[in-house]
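The next block holds one structure in the form of structure tokens; read it before the comments.
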Amino acid sequence: MLKNKEFLYLLKSTAIVFIVSAIGALGISLFGYNFIASFLILTCIQYILFSTISSVINSFFIEKTKQKELEKIENLSTILNCAYCNQQNLMTFLPDDGENMEFVCDHCKKKNSVKINFIVARITEPVTVPKVEGISLEDI
Ligand SMILES: [Zn+2]
């Protein structure tokens, strides 16, 4: 549903398109061509042009937004044990990286493959202790 502001914008842009078409058609009609035909052709050309321009601009901004989101992803660092010698290694990787993640052990120089594993856990809730009637701390 169009809001009031959007409706005014649509009305304004349509008026501009019609005015430009009318002026252009008037100019063309001075050369002996039909005014109404020129007006309709100019209006069609403007709508095609503007829809093309707006789709190009939209796709440009969508691409820009994607790039900004990718830039937000920072490198993650973690300490991993080598699969061969079990020594600790510091590994830095991009979470967006679609390739196989690997690191070379600093100690034994062997290549390790890294697999990310997601673990699901229950959220612990505080235990509610039932209130016992008739006993107070002073009685104990
Ligand atoms: Zn190692």
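To be explicit about the labels: the chains of the structure tokens are called A, B, and onward in the order shown, and within each one the residues are counted from 1, while ligands get numbers from 1 in the order they are shown.
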
Write as a ChimeraX atom specification the residues around ligand 1, taking 12 Å as the cut-off and counting only C-alpha atoms and all ligand atoms.
-> /A:80-90,103-113

Grab the CA of Glu74 (chain A) to CA of Arg122 (chain A) distance for me, in Å with one decimal place.
-> 27.9 Å

Excluding Phe18 (chain A) and residues on its chain fewer than 4 positions from it, collect all residues at most 12 Å away from it, counting only C-alpha atoms, and give them as a list of chain:residue names.
->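 Final neighbour list, sorted by chain and number: A:Leu11, A:Lys12, A:Ser13, A:Thr14, A:Ala22, A:Ile23, A:Gly24, A:Ala25, A:Leu26, A:Ile36, A:Ser38, A:Phe39, A:Leu40, A:Ile41, A:Leu42, A:Thr43, A:Cys44, A:Ile45, A:Gln46, A:Tyr47.
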
Output file for the residues above (N, CA, C and O atoms, as a PDB file, in the first residue's frame):
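selection27.pdb written:
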```pdb
ATOM      1  N   LEU A  11       3.141  11.048  -7.899  1.00  0.00           N
ATOM      2  CA  LEU A  11       2.384  12.077  -8.610  1.00  0.00           C
ATOM      3  C   LEU A  11       3.337  13.110  -9.225  1.00  0.00           C
ATOM      4  O   LEU A  11       3.193  13.498 -10.387  1.00  0.00           O
ATOM      5  N   LYS A  12       4.328  13.513  -8.434  1.00  0.00           N
ATOM      6  CA  LYS A  12       5.293  14.519  -8.867  1.00  0.00           C
ATOM      7  C   LYS A  12       6.127  14.002 -10.046  1.00  0.00           C
ATOM      8  O   LYS A  12       6.299  14.705 -11.052  1.00  0.00           O
ATOM      9  N   SER A  13       6.617  12.746  -9.923  1.00  0.00           N
ATOM     10  CA  SER A  13       7.460  12.208 -10.998  1.00  0.00           C
ATOM     11  C   SER A  13       6.644  11.986 -12.266  1.00  0.00           C
ATOM     12  O   SER A  13       7.132  12.221 -13.375  1.00  0.00           O
ATOM     13  N   THR A  14       5.384  11.566 -12.117  1.00  0.00           N
ATOM     14  CA  THR A  14       4.518  11.381 -13.283  1.00  0.00           C
ATOM     15  C   THR A  14       4.249  12.721 -13.970  1.00  0.00           C
ATOM     16  O   THR A  14       4.274  12.815 -15.206  1.00  0.00           O
ATOM     17  N   ALA A  22       5.298  16.513 -23.063  1.00  0.00           N
ATOM     18  CA  ALA A  22       4.517  17.539 -23.753  1.00  0.00           C
ATOM     19  C   ALA A  22       5.427  18.547 -24.436  1.00  0.00           C
ATOM     20  O   ALA A  22       5.195  18.938 -25.592  1.00  0.00           O
ATOM     21  N   ILE A  23       6.483  18.970 -23.720  1.00  0.00           N
ATOM     22  CA  ILE A  23       7.419  19.944 -24.299  1.00  0.00           C
ATOM     23  C   ILE A  23       8.127  19.336 -25.519  1.00  0.00           C
ATOM     24  O   ILE A  23       8.253  19.974 -26.571  1.00  0.00           O
ATOM     25  N   GLY A  24       8.558  18.067 -25.343  1.00  0.00           N
ATOM     26  CA  GLY A  24       9.235  17.382 -26.454  1.00  0.00           C
ATOM     27  C   GLY A  24       8.312  17.203 -27.642  1.00  0.00           C
ATOM     28  O   GLY A  24       8.704  17.417 -28.794  1.00  0.00           O
ATOM     29  N   ALA A  25       7.053  16.802 -27.357  1.00  0.00           N
ATOM     30  CA  ALA A  25       6.077  16.582 -28.431  1.00  0.00           C
ATOM     31  C   ALA A  25       5.752  17.892 -29.154  1.00  0.00           C
ATOM     32  O   ALA A  25       5.559  17.914 -30.371  1.00  0.00           O
ATOM     33  N   LEU A  26       5.716  18.980 -28.369  1.00  0.00           N
ATOM     34  CA  LEU A  26       5.477  20.295 -28.965  1.00  0.00           C
ATOM     35  C   LEU A  26       6.606  20.649 -29.934  1.00  0.00           C
ATOM     36  O   LEU A  26       6.360  21.134 -31.053  1.00  0.00           O
ATOM     37  N   ILE A  36       0.179  14.074 -30.567  1.00  0.00           N
ATOM     38  CA  ILE A  36      -0.224  13.007 -29.641  1.00  0.00           C
ATOM     39  C   ILE A  36       0.697  11.788 -29.783  1.00  0.00           C
ATOM     40  O   ILE A  36       1.131  11.205 -28.787  1.00  0.00           O
ATOM     41  N   SER A  38       3.805  11.749 -30.852  1.00  0.00           N
ATOM     42  CA  SER A  38       5.105  12.120 -30.297  1.00  0.00           C
ATOM     43  C   SER A  38       5.065  12.092 -28.774  1.00  0.00           C
ATOM     44  O   SER A  38       5.997  11.620 -28.114  1.00  0.00           O
ATOM     45  N   PHE A  39       3.948  12.607 -28.207  1.00  0.00           N
ATOM     46  CA  PHE A  39       3.785  12.648 -26.747  1.00  0.00           C
ATOM     47  C   PHE A  39       3.812  11.235 -26.169  1.00  0.00           C
ATOM     48  O   PHE A  39       4.527  10.957 -25.196  1.00  0.00           O
ATOM     49  N   LEU A  40       3.046  10.307 -26.787  1.00  0.00           N
ATOM     50  CA  LEU A  40       2.991   8.927 -26.294  1.00  0.00           C
ATOM     51  C   LEU A  40       4.349   8.238 -26.411  1.00  0.00           C
ATOM     52  O   LEU A  40       4.779   7.543 -25.479  1.00  0.00           O
ATOM     53  N   ILE A  41       5.019   8.442 -27.546  1.00  0.00           N
ATOM     54  CA  ILE A  41       6.336   7.812 -27.745  1.00  0.00           C
ATOM     55  C   ILE A  41       7.342   8.340 -26.720  1.00  0.00           C
ATOM     56  O   ILE A  41       8.076   7.573 -26.093  1.00  0.00           O
ATOM     57  N   LEU A  42       7.339   9.648 -26.506  1.00  0.00           N
ATOM     58  CA  LEU A  42       8.277  10.238 -25.533  1.00  0.00           C
ATOM     59  C   LEU A  42       7.989   9.739 -24.120  1.00  0.00           C
ATOM     60  O   LEU A  42       8.911   9.471 -23.344  1.00  0.00           O
ATOM     61  N   THR A  43       6.683   9.604 -23.773  1.00  0.00           N
ATOM     62  CA  THR A  43       6.320   9.102 -22.445  1.00  0.00           C
ATOM     63  C   THR A  43       6.814   7.673 -22.261  1.00  0.00           C
ATOM     64  O   THR A  43       7.404   7.335 -21.227  1.00  0.00           O
ATOM     65  N   CYS A  44       6.589   6.831 -23.292  1.00  0.00           N
ATOM     66  CA  CYS A  44       7.057   5.438 -23.223  1.00  0.00           C
ATOM     67  C   CYS A  44       8.566   5.380 -23.070  1.00  0.00           C
ATOM     68  O   CYS A  44       9.091   4.628 -22.232  1.00  0.00           O
ATOM     69  N   ILE A  45       9.273   6.184 -23.869  1.00  0.00           N
ATOM     70  CA  ILE A  45      10.743   6.181 -23.807  1.00  0.00           C
ATOM     71  C   ILE A  45      11.222   6.569 -22.410  1.00  0.00           C
ATOM     72  O   ILE A  45      12.119   5.946 -21.846  1.00  0.00           O
ATOM     73  N   GLN A  46      10.569   7.594 -21.829  1.00  0.00           N
ATOM     74  CA  GLN A  46      10.990   8.031 -20.492  1.00  0.00           C
ATOM     75  C   GLN A  46      10.745   6.951 -19.449  1.00  0.00           C
ATOM     76  O   GLN A  46      11.594   6.713 -18.583  1.00  0.00           O
ATOM     77  N   TYR A  47       9.582   6.262 -19.519  1.00  0.00           N
ATOM     78  CA  TYR A  47       9.304   5.220 -18.536  1.00  0.00           C
ATOM     79  C   TYR A  47      10.297   4.069 -18.667  1.00  0.00           C
ATOM     80  O   TYR A  47      10.783   3.544 -17.658  1.00  0.00           O
TER      81      TYR A  47
END
```

Measure the distance from CA of Leu70 (chain A) to CA of Phe93 (chain A) in Å and round it to one decimal.
->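 Computing it gives 13.8 Å between the two atoms.
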
Do you have the CA of Lys115 (chain A)-CA of Lys72 (chain A) distance handy?
->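 CA of Lys115 (chain A) sits 22.6 Å away from CA of Lys72 (chain A).
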
Restricting the calculation to only C-alpha atoms, which member of A:Ile79, A:Ile119, A:Met101, A:Val17 is positioned closest to Leu49 (chain A)?
->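 When distances to Leu49 (chain A) are compared using only C-alpha atoms, the smallest one comes from A:Val17.
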
Per DSSP on the backbone, filter region 14-111 of chain A down to the residues in strand (DSSP E) and report them as a list of chain:residue names.
-> A:Leu76, A:Ser77, A:Thr78, A:Ile79, A:Leu80, A:Asn81, A:Gln88, A:Asn89, A:Leu90, A:Met91, A:Thr92, A:Phe93, A:Met101, A:Glu102, A:Phe103, A:Val104, A:Lys111
